[in-house]
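What follows is protein.tsv (TSV, C-alpha atoms and all ligand atoms).
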chain	number	residue	atom	x	y	z
A	1	MET	CA	-199.42	10.65	210.36
A	2	THR	CA	-197.43	11.43	207.23
A	3	ALA	CA	-194.81	8.84	206.45
A	4	ALA	CA	-191.11	9.73	206.34
A	5	ILE	CA	-191.06	8.24	202.86
A	6	ARG	CA	-194.04	7.17	200.80
A	7	LEU	CA	-193.75	5.41	197.45
A	8	LYS	CA	-196.70	4.63	195.23
A	9	GLY	CA	-196.37	2.41	192.20
A	10	LEU	CA	-192.74	3.45	191.81
A	11	GLU	CA	-191.24	2.21	188.55
A	12	LYS	CA	-187.88	2.39	186.89
A	13	THR	CA	-186.97	1.04	183.49
A	14	TYR	CA	-183.38	1.88	182.55
A	15	ALA	CA	-182.54	3.18	179.08
A	16	GLY	CA	-181.35	-0.26	177.95
A	17	GLY	CA	-184.77	-1.71	178.84
A	18	LYS	CA	-183.85	-3.21	182.20
A	19	ARG	CA	-186.84	-2.95	184.54
A	20	ALA	CA	-185.32	-2.39	187.97
A	21	LEU	CA	-188.46	-1.32	189.88
A	22	ASN	CA	-191.76	-2.93	189.19
A	23	GLY	CA	-194.34	-0.80	190.98
A	24	VAL	CA	-193.08	-0.35	194.53
A	25	ASP	CA	-195.60	0.66	197.21
A	26	LEU	CA	-194.02	1.45	200.52
A	27	ALA	CA	-194.57	3.69	203.55
A	28	ILE	CA	-191.63	4.14	205.88
A	29	PRO	CA	-192.88	5.43	209.24
A	30	ARG	CA	-191.33	8.54	210.77
A	31	GLY	CA	-188.94	7.69	213.56
A	32	SER	CA	-188.32	4.15	212.39
A	33	MET	CA	-185.08	2.34	211.77
A	34	PHE	CA	-185.96	0.65	208.52
A	35	ALA	CA	-184.12	-1.99	206.49
A	36	LEU	CA	-184.59	-2.57	202.78
A	37	LEU	CA	-183.24	-6.05	202.51
A	38	GLY	CA	-182.70	-7.90	199.27
A	39	PRO	CA	-180.27	-9.82	197.13
A	40	ASN	CA	-177.90	-8.08	194.74
A	41	GLY	CA	-179.74	-6.69	191.76
A	42	ALA	CA	-183.10	-6.51	193.59
A	43	GLY	CA	-183.47	-2.77	192.95
A	44	LYS	CA	-182.43	-1.30	196.31
A	45	SER	CA	-179.89	1.19	194.97
A	46	THR	CA	-182.24	2.24	192.19
A	47	LEU	CA	-184.87	3.06	194.79
A	48	ILE	CA	-182.39	5.02	196.92
A	49	ASN	CA	-180.99	6.85	193.91
A	50	ILE	CA	-184.47	7.98	192.88
A	51	LEU	CA	-184.98	9.44	196.36
A	52	ALA	CA	-181.54	11.05	196.20
A	53	GLY	CA	-182.43	12.66	192.86
A	54	LEU	CA	-179.69	10.75	191.02
A	55	VAL	CA	-181.96	8.51	188.96
A	56	ARG	CA	-185.22	9.58	187.31
A	57	LYS	CA	-188.18	7.35	187.96
A	58	THR	CA	-190.20	6.23	184.95
A	59	GLY	CA	-193.50	5.83	186.80
A	60	GLY	CA	-195.34	6.24	190.08
A	61	SER	CA	-194.71	8.78	192.81
A	62	ALA	CA	-192.39	9.37	195.74
A	63	GLU	CA	-192.76	11.62	198.75
A	64	ILE	CA	-190.08	12.51	201.28
A	65	TRP	CA	-191.30	13.98	204.58
A	66	GLY	CA	-194.55	14.83	202.84
A	67	PHE	CA	-192.89	16.54	199.85
A	68	ASP	CA	-193.49	15.06	196.42
A	69	ILE	CA	-190.14	14.75	194.63
A	70	ASP	CA	-191.62	16.17	191.39
A	71	GLN	CA	-193.73	18.97	192.85
A	72	HIS	CA	-191.44	20.06	195.69
A	73	PRO	CA	-187.99	18.81	194.68
A	74	ARG	CA	-186.08	21.28	196.86
A	75	ASN	CA	-187.99	20.55	200.03
A	76	ALA	CA	-187.81	16.84	199.29
A	77	LYS	CA	-184.06	17.05	198.79
A	78	ALA	CA	-183.58	19.08	201.98
A	79	SER	CA	-185.39	16.36	203.92
A	80	ILE	CA	-182.93	13.55	203.28
A	81	GLY	CA	-179.26	12.84	203.56
A	82	VAL	CA	-177.90	9.97	201.52
A	83	VAL	CA	-174.77	8.00	202.25
A	84	PRO	CA	-173.78	6.39	198.96
A	85	GLN	CA	-172.03	3.06	198.57
A	86	GLU	CA	-168.96	4.35	196.77
A	87	LEU	CA	-166.25	6.16	198.68
A	88	LEU	CA	-165.91	9.09	196.30
A	89	PHE	CA	-164.35	12.36	197.44
A	90	ASP	CA	-162.37	15.22	196.10
A	91	ALA	CA	-159.01	13.98	197.35
A	92	PHE	CA	-157.54	17.46	197.72
A	93	PHE	CA	-160.06	18.73	200.23
A	94	THR	CA	-159.78	18.07	203.94
A	95	PRO	CA	-162.69	16.52	205.86
A	96	PHE	CA	-163.48	19.92	207.34
A	97	GLU	CA	-163.54	21.56	203.90
A	98	THR	CA	-165.61	18.70	202.51
A	99	LEU	CA	-168.31	19.37	205.10
A	100	GLU	CA	-168.19	23.14	204.69
A	101	LEU	CA	-168.54	22.77	200.93
A	102	GLN	CA	-171.47	20.38	201.29
A	103	ALA	CA	-173.16	22.74	203.76
A	104	GLY	CA	-172.71	25.52	201.21
A	105	LEU	CA	-174.33	23.40	198.51
A	106	TYR	CA	-177.30	22.88	200.81
A	107	GLY	CA	-177.54	26.58	201.60
A	108	VAL	CA	-176.64	26.21	205.28
A	109	PRO	CA	-175.41	29.67	206.40
A	110	PRO	CA	-171.92	29.76	207.98
A	111	GLU	CA	-173.21	30.50	211.48
A	112	LYS	CA	-175.39	27.41	211.37
A	113	ARG	CA	-172.72	25.01	210.14
A	114	ARG	CA	-171.62	22.27	212.51
A	115	SER	CA	-168.67	20.83	210.65
A	116	MET	CA	-166.42	20.32	213.68
A	117	GLU	CA	-169.25	18.94	215.78
A	118	LEU	CA	-170.10	16.42	213.05
A	119	LEU	CA	-166.45	15.40	212.72
A	120	GLU	CA	-166.31	14.80	216.46
A	121	LYS	CA	-169.42	12.66	216.26
A	122	VAL	CA	-167.85	10.36	213.66
A	123	ARG	CA	-164.50	10.54	215.53
A	124	LEU	CA	-162.65	12.32	212.78
A	125	ASP	CA	-161.96	15.58	214.59
A	126	ASP	CA	-158.24	14.76	214.75
A	127	LYS	CA	-158.26	14.33	210.96
A	128	ALA	CA	-160.20	17.53	210.27
A	129	HIS	CA	-157.37	19.18	208.39
A	130	VAL	CA	-155.57	16.37	206.58
A	131	TYR	CA	-156.12	15.56	202.90
A	132	THR	CA	-159.10	13.26	202.50
A	133	ARG	CA	-157.06	10.97	200.26
A	134	THR	CA	-154.90	10.02	203.28
A	135	LEU	CA	-157.90	8.63	205.19
A	136	SER	CA	-158.51	4.90	205.52
A	137	GLY	CA	-161.60	3.32	203.96
A	138	GLY	CA	-163.37	3.25	207.31
A	139	MET	CA	-162.63	6.91	207.94
A	140	LYS	CA	-163.92	7.82	204.49
A	141	ARG	CA	-167.16	6.00	205.21
A	142	ARG	CA	-167.58	7.91	208.46
A	143	LEU	CA	-166.90	11.16	206.63
A	144	LEU	CA	-169.65	10.27	204.14
A	145	ILE	CA	-172.13	9.90	207.00
A	146	ALA	CA	-171.14	13.28	208.42
A	147	LYS	CA	-171.46	14.75	204.91
A	148	ALA	CA	-175.01	13.40	204.59
A	149	MET	CA	-175.95	15.10	207.87
A	150	VAL	CA	-174.66	18.66	207.24
A	151	HIS	CA	-178.14	20.04	206.60
A	152	ASN	CA	-179.61	18.12	209.52
A	153	PRO	CA	-182.18	16.17	207.48
A	154	PRO	CA	-184.95	14.28	209.30
A	155	VAL	CA	-184.26	11.18	207.17
A	156	LEU	CA	-180.88	9.53	206.70
A	157	ILE	CA	-180.48	6.87	204.03
A	158	LEU	CA	-177.50	4.56	203.99
A	159	ASP	CA	-176.86	2.42	200.94
A	160	GLU	CA	-175.11	-0.77	202.05
A	161	PRO	CA	-173.37	1.02	204.93
A	162	THR	CA	-171.13	-1.83	205.98
A	163	ALA	CA	-170.47	-3.68	202.72
A	164	GLY	CA	-166.83	-4.70	202.81
A	165	VAL	CA	-166.28	-3.15	206.25
A	166	ASP	CA	-164.48	-5.03	209.05
A	167	ILE	CA	-166.27	-6.08	212.22
A	168	GLU	CA	-164.85	-3.41	214.46
A	169	LEU	CA	-165.80	-0.59	212.14
A	170	ARG	CA	-169.20	-2.14	211.55
A	171	GLN	CA	-169.91	-2.01	215.29
A	172	MET	CA	-168.81	1.59	215.40
A	173	LEU	CA	-170.99	2.59	212.44
A	174	TRP	CA	-173.94	0.80	213.99
A	175	ALA	CA	-173.37	2.64	217.27
A	176	TYR	CA	-173.34	5.97	215.47
A	177	VAL	CA	-176.44	5.15	213.43
A	178	ARG	CA	-178.22	4.12	216.63
A	179	GLU	CA	-177.23	7.41	218.20
A	180	LEU	CA	-178.68	9.37	215.28
A	181	HIS	CA	-181.84	7.32	215.47
A	182	ALA	CA	-182.13	7.89	219.23
A	183	GLY	CA	-181.81	11.60	218.50
A	184	GLY	CA	-184.92	11.45	216.31
A	185	THR	CA	-183.54	10.81	212.83
A	186	THR	CA	-185.50	8.34	210.71
A	187	VAL	CA	-182.92	5.88	209.40
A	188	VAL	CA	-183.34	3.79	206.26
A	189	LEU	CA	-180.65	1.41	205.18
A	190	THR	CA	-180.26	-1.04	202.37
A	191	THR	CA	-178.41	-4.21	203.04
A	192	HIS	CA	-177.93	-7.73	201.87
A	193	TYR	CA	-176.75	-8.77	205.32
A	194	LEU	CA	-179.61	-10.26	207.29
A	195	GLU	CA	-177.61	-9.81	210.43
A	196	GLU	CA	-177.50	-6.08	209.88
A	197	ALA	CA	-181.24	-5.77	209.39
A	198	GLU	CA	-181.90	-8.03	212.35
A	199	GLU	CA	-179.47	-6.26	214.65
A	200	LEU	CA	-180.26	-2.67	213.81
A	201	CYS	CA	-183.76	-2.25	212.46
A	202	ASP	CA	-187.27	-2.32	213.90
A	203	ARG	CA	-188.95	-2.77	210.54
A	204	ILE	CA	-187.85	-4.73	207.50
A	205	ALA	CA	-189.03	-4.75	203.91
A	206	ILE	CA	-187.68	-7.41	201.60
A	207	VAL	CA	-187.14	-6.36	197.99
A	208	ASN	CA	-186.84	-8.89	195.20
A	209	HIS	CA	-186.97	-8.38	191.44
A	210	GLY	CA	-188.01	-4.75	191.84
A	211	ARG	CA	-190.95	-5.48	194.14
A	212	ILE	CA	-191.61	-5.41	197.87
A	213	VAL	CA	-192.35	-9.01	198.85
A	214	ILE	CA	-192.92	-8.27	202.53
A	215	ASP	CA	-192.97	-5.17	204.73
A	216	THR	CA	-193.39	-5.85	208.42
A	217	ASP	CA	-192.11	-5.51	211.99
A	218	LYS	CA	-188.89	-7.39	212.50
A	219	ASP	CA	-190.43	-9.43	215.31
A	220	ASN	CA	-193.30	-10.43	213.08
A	221	LEU	CA	-190.89	-11.49	210.36
A	222	LEU	CA	-188.93	-13.59	212.81
A	223	SER	CA	-192.07	-15.28	214.06
A	224	GLN	CA	-192.67	-16.48	210.50
A	225	ALA	CA	-189.67	-18.69	210.96
A	226	GLN	CA	-191.96	-21.46	212.14
A	227	ASP	CA	-190.23	-24.22	210.28
A	228	LYS	CA	-187.54	-26.38	211.63
A	229	ARG	CA	-184.64	-27.75	209.74
A	230	VAL	CA	-182.84	-31.05	209.76
A	231	GLU	CA	-179.74	-31.87	207.87
A	232	VAL	CA	-179.04	-35.57	207.25
A	233	THR	CA	-176.19	-37.52	205.76
A	234	LEU	CA	-177.15	-40.75	203.96
A	235	ASP	CA	-175.11	-43.91	203.49
A	236	HIS	CA	-175.30	-43.67	199.70
A	237	ASP	CA	-175.32	-41.13	196.88
A	238	LEU	CA	-178.50	-39.62	195.39
A	239	GLN	CA	-179.10	-37.94	192.04
A	240	GLN	CA	-182.06	-35.92	193.20
A	241	PRO	CA	-183.81	-35.12	196.48
A	242	PRO	CA	-186.36	-37.76	197.51
A	243	GLU	CA	-190.00	-36.99	198.24
A	244	ILE	CA	-190.63	-37.02	201.99
A	245	ALA	CA	-194.19	-36.79	203.29
A	246	GLY	CA	-194.49	-33.94	205.80
A	247	ALA	CA	-191.44	-32.02	204.60
A	248	THR	CA	-191.92	-28.45	203.32
A	249	ARG	CA	-188.79	-28.55	201.21
A	250	VAL	CA	-186.02	-31.04	200.54
A	251	THR	CA	-182.73	-29.84	199.05
A	252	LEU	CA	-179.71	-31.88	198.03
A	253	LEU	CA	-176.66	-30.18	199.55
A	254	ASP	CA	-174.27	-32.62	197.94
A	255	SER	CA	-174.67	-36.19	196.73
A	256	ARG	CA	-175.15	-37.56	200.26
A	257	ARG	CA	-176.42	-34.65	202.31
A	258	LEU	CA	-180.02	-33.47	202.44
A	259	ASP	CA	-181.41	-30.26	203.90
A	260	ILE	CA	-184.99	-30.85	205.00
A	261	LEU	CA	-187.37	-28.13	206.12
A	262	TYR	CA	-190.52	-29.14	207.98
A	263	ASP	CA	-193.28	-27.54	210.01
A	264	LYS	CA	-192.53	-28.37	213.62
A	265	GLN	CA	-196.21	-28.05	214.55
A	266	THR	CA	-197.28	-30.96	212.39
A	267	VAL	CA	-194.37	-33.37	212.19
A	268	LYS	CA	-191.42	-34.48	214.33
A	269	ALA	CA	-187.84	-34.96	213.17
A	270	GLY	CA	-188.05	-38.65	214.13
A	271	ALA	CA	-190.91	-39.18	211.70
A	272	ILE	CA	-188.92	-37.54	208.90
A	273	LEU	CA	-185.99	-39.86	209.58
A	274	ALA	CA	-188.25	-42.92	209.77
A	275	ARG	CA	-189.78	-42.02	206.41
A	276	LEU	CA	-186.34	-41.72	204.85
A	277	GLN	CA	-185.37	-45.10	206.25
A	278	GLU	CA	-188.59	-46.71	204.93
A	279	ALA	CA	-187.90	-45.26	201.50
A	280	GLY	CA	-184.54	-47.05	201.45
A	281	HIS	CA	-182.31	-44.15	202.49
A	282	PRO	CA	-180.61	-45.04	205.78
A	283	VAL	CA	-179.33	-42.01	207.66
A	284	VAL	CA	-175.82	-42.00	209.13
A	285	ASP	CA	-175.74	-38.51	210.63
A	286	VAL	CA	-178.28	-35.85	211.68
A	287	THR	CA	-178.30	-32.24	212.86
A	288	THR	CA	-181.36	-30.07	213.52
A	289	ARG	CA	-181.86	-26.38	214.15
A	290	GLU	CA	-184.62	-23.81	214.33
A	291	ALA	CA	-185.24	-22.03	211.08
A	292	ASP	CA	-184.29	-18.37	211.19
A	293	LEU	CA	-184.60	-15.18	209.23
A	294	GLU	CA	-182.36	-16.70	206.60
A	295	ASP	CA	-185.00	-19.34	205.92
A	296	VAL	CA	-187.79	-16.77	205.80
A	297	PHE	CA	-185.73	-14.87	203.29
A	298	LEU	CA	-185.27	-17.98	201.18
A	299	ASP	CA	-188.96	-18.81	201.32
A	300	LEU	CA	-189.96	-15.31	200.26
A	301	THR	CA	-187.38	-14.71	197.56
A	302	GLY	CA	-186.46	-18.17	196.37
A	303	THR	CA	-182.83	-17.01	196.62
A	304	PRO	CA	-180.64	-18.61	199.24
A	305	LEU	CA	-178.64	-16.17	201.30
A	306	GLU	CA	-175.33	-17.50	200.01
A	307	ALA	CA	-176.33	-16.53	196.47
A	308	ALA	CA	-177.82	-13.27	197.71
A	309	LYS	CA	-174.52	-12.33	199.32
A	310	GLY	CA	-173.06	-12.51	195.83
B	401	LIG	P1	-179.42	-3.60	194.23
B	401	LIG	O1	-179.04	-2.26	194.77
B	401	LIG	O2	-180.56	-4.21	194.97
B	401	LIG	O3	-178.26	-4.51	194.10
B	401	LIG	P2	-179.81	-2.17	191.73
B	401	LIG	O4	-180.85	-1.14	191.97
B	401	LIG	O5	-178.38	-1.73	191.74
B	401	LIG	O6	-180.01	-3.38	192.76
B	401	LIG	O7	-180.09	-2.87	190.34
B	401	LIG	C1	-181.36	-3.36	189.95
B	401	LIG	C2	-181.28	-3.85	188.52
B	401	LIG	O8	-181.12	-2.75	187.64
B	401	LIG	C3	-180.11	-4.77	188.25
B	401	LIG	O9	-180.53	-5.74	187.32
B	401	LIG	C4	-179.08	-3.86	187.65
B	401	LIG	O10	-178.21	-4.58	186.78
B	401	LIG	C5	-179.94	-2.87	186.88
B	401	LIG	N1	-179.30	-1.55	186.79
B	401	LIG	C6	-178.84	-0.79	187.82
B	401	LIG	N2	-178.34	0.37	187.37
B	401	LIG	C7	-178.48	0.37	186.03
B	401	LIG	C8	-178.17	1.29	184.97
B	401	LIG	N3	-177.61	2.48	185.23
B	401	LIG	N4	-178.47	0.94	183.71
B	401	LIG	C9	-179.04	-0.25	183.44
B	401	LIG	N5	-179.38	-1.17	184.36
B	401	LIG	C10	-179.10	-0.87	185.65
For the structure just supplied, provide its representation as structure tokens.
Ligand code: ADP
Amino acid sequence: MTAAIRLKGLEKTYAGGKRALNGVDLAIPRGSMFALLGPNGAGKSTLINILAGLVRKTGGSAEIWGFDIDQHPRNAKASIGVVPQELLFDAFFTPFETLELQAGLYGVPPEKRRSMELLEKVRLDDKAHVYTRTLSGGMKRRLLIAKAMVHNPPVLILDEPTAGVDIELRQMLWAYVRELHAGGTTVVLTTHYLEEAEELCDRIAIVNHGRIVIDTDKDNLLSQAQDKRVEVTLDHDLQQPPEIAGATRVTLLDSRRLDILYDKQTVKAGAILARLQEAGHPVVDVTTREADLEDVFLDLTGTPLEAAKG
């Protein structure tokens, strides 16, 4: 079956010479709820902006719903709705007018417009006729989603939908996105929140330095989290992490605390602690936990989540 979005060798080098996309190959299945996950600066927005027609690619090809963006730009454009990161509106239009105007831009005839229905869906019907500038940030974000859907595209792309959004609104946006997905819309979102990808999506691609480093089912990605983690506090300061046989990675958290990752199939936490003791590093405190998606992310990108959250 044709993919919802298919990228082949997609490249972008910005005018200043910055290479943001380094040959991206990706097929996003129709009907999926897909996360493009990656640290800040990975190239996610560049990729989205190429699909949205806002940035010109410098190499490779992109297809949306089977339409090549160079050969069939109008059909390609009609096949996606994009919810940008920035909350930019013409402050002197009302939400209703904003949607009508957008529908006009997309050539939706008046009898086929669904502006009120869309406003109800994002719970803005009671604000239909106020100035957009009086809306809260959360309301503006909901209006942007409605705006992206005026032409009823089969693919909806959300660029960092919940960046800087409070928990309550995040839940509400997720509920609405799930509803769209259940109604048959293919949903693609970019995020640097693992939780968002994990909670919402069935497939996850991780982007780093302008490349796809993994593209897989969420469950498969989670099952890669085979390692286990132990955090120990020593009775003295260290300058650098010690070598520990059997450990996959040892990181110094501060001068006395070590974060140790090990494969739980081949070694036990007790053995790790015994080896530390033998090497002259008595342990005064220990906690262990299963590794999670965060660790998989770190292993694949070399960027800890804390840094990735920027
Ligand atoms: P992400 O969305 O994953 O945070 P971006 O696509 O915004 O990543 O950025 C990828 C890289 O391209 C970054 O190094 C960024 O600084 C650079 N970049 C983005 N937009 C521009 C631009 N208009 N001109 C030059 N460099 C840019």
Nearby residues (only C-alpha atoms) at most 12 Å from A:Ala269, same-chain spacing under 3 positions excluded, as a list in words: Asp227, Lys228, Arg229, Val230, Glu231, Val232, Ile244, Ala245, Gly246, Ala247, Ile260, Leu261, Tyr262, Asp263, Lys264, Gln265, Thr266, Ile272, Leu273, Ala274, Arg275, Leu276, Val286, Thr287, Thr288, Arg289 and Glu290 of chain A
inquiry  = Can you work out which residues are within 9 Å of ligand LIG 401 (chain B), considering all atoms listed in the file, and then hand them over as number ranges by chain?
reply    = A: 12-21, 36-49, 55, 159-160, 190-192, 207-210
re atom CA of A:Leu234 and atom CA of A:Pro282: distance 5.8 Å
Of A:Val130, A:Ala4, A:Gly23, A:Arg211, the one nearest to A:Phe67 when counting all atoms listed in the file is A:Ala4
(message) I'd like the neighbourhood of A:Glu63 as a count of residues only, where a residue qualifies if any of its atoms comes within 9 Å (using all atoms listed in the file), though same-chain residues fewer than 4 positions away should be ignored.
(response) 12
Is it possible to dump stretch 26-36 of chain A as a PDB file, in the first residue's frame, including just all heavy atoms?
ATOM      1  N   LEU A  26      12.189   7.471   4.910  1.00  0.00           N
ATOM      2  CA  LEU A  26      11.152   7.184   5.892  1.00  0.00           C
ATOM      3  C   LEU A  26       9.837   6.910   5.171  1.00  0.00           C
ATOM      4  O   LEU A  26       9.500   7.600   4.213  1.00  0.00           O
ATOM      5  CB  LEU A  26      10.985   8.404   6.816  1.00  0.00           C
ATOM      6  CG  LEU A  26      10.043   8.282   8.012  1.00  0.00           C
ATOM      7  CD1 LEU A  26      10.578   7.251   9.006  1.00  0.00           C
ATOM      8  CD2 LEU A  26       9.881   9.626   8.714  1.00  0.00           C
ATOM      9  N   ALA A  27       9.109   5.896   5.653  1.00  0.00           N
ATOM     10  CA  ALA A  27       7.753   5.640   5.145  1.00  0.00           C
ATOM     11  C   ALA A  27       6.813   5.630   6.337  1.00  0.00           C
ATOM     12  O   ALA A  27       6.972   4.817   7.236  1.00  0.00           O
ATOM     13  CB  ALA A  27       7.701   4.310   4.404  1.00  0.00           C
ATOM     14  N   ILE A  28       5.878   6.548   6.339  1.00  0.00           N
ATOM     15  CA  ILE A  28       4.907   6.620   7.433  1.00  0.00           C
ATOM     16  C   ILE A  28       3.623   5.951   6.959  1.00  0.00           C
ATOM     17  O   ILE A  28       2.999   6.407   6.001  1.00  0.00           O
ATOM     18  CB  ILE A  28       4.648   8.087   7.842  1.00  0.00           C
ATOM     19  CG1 ILE A  28       5.966   8.702   8.350  1.00  0.00           C
ATOM     20  CG2 ILE A  28       3.538   8.171   8.889  1.00  0.00           C
ATOM     21  CD1 ILE A  28       5.864  10.138   8.810  1.00  0.00           C
ATOM     22  N   PRO A  29       3.247   4.825   7.584  1.00  0.00           N
ATOM     23  CA  PRO A  29       2.087   4.076   7.089  1.00  0.00           C
ATOM     24  C   PRO A  29       0.783   4.865   7.210  1.00  0.00           C
ATOM     25  O   PRO A  29       0.607   5.640   8.149  1.00  0.00           O
ATOM     26  CB  PRO A  29       2.027   2.840   8.006  1.00  0.00           C
ATOM     27  CG  PRO A  29       3.319   2.790   8.732  1.00  0.00           C
ATOM     28  CD  PRO A  29       3.853   4.189   8.764  1.00  0.00           C
ATOM     29  N   ARG A  30      -0.109   4.647   6.261  1.00  0.00           N
ATOM     30  CA  ARG A  30      -1.442   5.250   6.357  1.00  0.00           C
ATOM     31  C   ARG A  30      -2.144   4.706   7.591  1.00  0.00           C
ATOM     32  O   ARG A  30      -2.015   3.537   7.921  1.00  0.00           O
ATOM     33  CB  ARG A  30      -2.267   4.916   5.117  1.00  0.00           C
ATOM     34  CG  ARG A  30      -1.705   5.599   3.891  1.00  0.00           C
ATOM     35  CD  ARG A  30      -2.631   5.472   2.691  1.00  0.00           C
ATOM     36  NE  ARG A  30      -1.999   6.142   1.545  1.00  0.00           N
ATOM     37  CZ  ARG A  30      -2.622   6.476   0.432  1.00  0.00           C
ATOM     38  NH1 ARG A  30      -3.898   6.193   0.282  1.00  0.00           N
ATOM     39  NH2 ARG A  30      -1.986   7.084  -0.532  1.00  0.00           N
ATOM     40  N   GLY A  31      -2.856   5.589   8.258  1.00  0.00           N
ATOM     41  CA  GLY A  31      -3.623   5.173   9.433  1.00  0.00           C
ATOM     42  C   GLY A  31      -2.819   5.116  10.717  1.00  0.00           C
ATOM     43  O   GLY A  31      -3.364   4.796  11.768  1.00  0.00           O
ATOM     44  N   SER A  32      -1.525   5.420  10.642  1.00  0.00           N
ATOM     45  CA  SER A  32      -0.737   5.303  11.872  1.00  0.00           C
ATOM     46  C   SER A  32      -0.790   6.576  12.697  1.00  0.00           C
ATOM     47  O   SER A  32      -1.246   7.623  12.247  1.00  0.00           O
ATOM     48  CB  SER A  32       0.730   4.956  11.546  1.00  0.00           C
ATOM     49  OG  SER A  32       1.290   5.951  10.726  1.00  0.00           O
ATOM     50  N   MET A  33      -0.346   6.443  13.912  1.00  0.00           N
ATOM     51  CA  MET A  33      -0.148   7.586  14.804  1.00  0.00           C
ATOM     52  C   MET A  33       1.355   7.566  15.062  1.00  0.00           C
ATOM     53  O   MET A  33       1.858   6.738  15.801  1.00  0.00           O
ATOM     54  CB  MET A  33      -0.944   7.344  16.086  1.00  0.00           C
ATOM     55  CG  MET A  33      -0.825   8.418  17.097  1.00  0.00           C
ATOM     56  SD  MET A  33      -2.117   9.656  16.953  1.00  0.00           S
ATOM     57  CE  MET A  33      -3.190   9.181  18.280  1.00  0.00           C
ATOM     58  N   PHE A  34       2.055   8.466  14.396  1.00  0.00           N
ATOM     59  CA  PHE A  34       3.501   8.334  14.236  1.00  0.00           C
ATOM     60  C   PHE A  34       4.239   9.460  14.958  1.00  0.00           C
ATOM     61  O   PHE A  34       3.885  10.632  14.800  1.00  0.00           O
ATOM     62  CB  PHE A  34       3.806   8.405  12.737  1.00  0.00           C
ATOM     63  CG  PHE A  34       5.160   7.906  12.346  1.00  0.00           C
ATOM     64  CD1 PHE A  34       5.328   6.619  11.861  1.00  0.00           C
ATOM     65  CD2 PHE A  34       6.281   8.729  12.466  1.00  0.00           C
ATOM     66  CE1 PHE A  34       6.584   6.158  11.490  1.00  0.00           C
ATOM     67  CE2 PHE A  34       7.538   8.269  12.094  1.00  0.00           C
ATOM     68  CZ  PHE A  34       7.687   6.985  11.600  1.00  0.00           C
ATOM     69  N   ALA A  35       5.249   9.111  15.730  1.00  0.00           N
ATOM     70  CA  ALA A  35       6.046  10.149  16.404  1.00  0.00           C
ATOM     71  C   ALA A  35       7.419  10.272  15.770  1.00  0.00           C
ATOM     72  O   ALA A  35       8.096   9.275  15.537  1.00  0.00           O
ATOM     73  CB  ALA A  35       6.218   9.810  17.878  1.00  0.00           C
ATOM     74  N   LEU A  36       7.802  11.501  15.473  1.00  0.00           N
ATOM     75  CA  LEU A  36       9.187  11.803  15.109  1.00  0.00           C
ATOM     76  C   LEU A  36       9.806  12.393  16.358  1.00  0.00           C
ATOM     77  O   LEU A  36       9.487  13.512  16.750  1.00  0.00           O
ATOM     78  CB  LEU A  36       9.227  12.856  14.011  1.00  0.00           C
ATOM     79  CG  LEU A  36       8.960  12.423  12.591  1.00  0.00           C
ATOM     80  CD1 LEU A  36       8.817  13.658  11.713  1.00  0.00           C
ATOM     81  CD2 LEU A  36      10.105  11.556  12.075  1.00  0.00           C
TER      82      LEU A  36
END
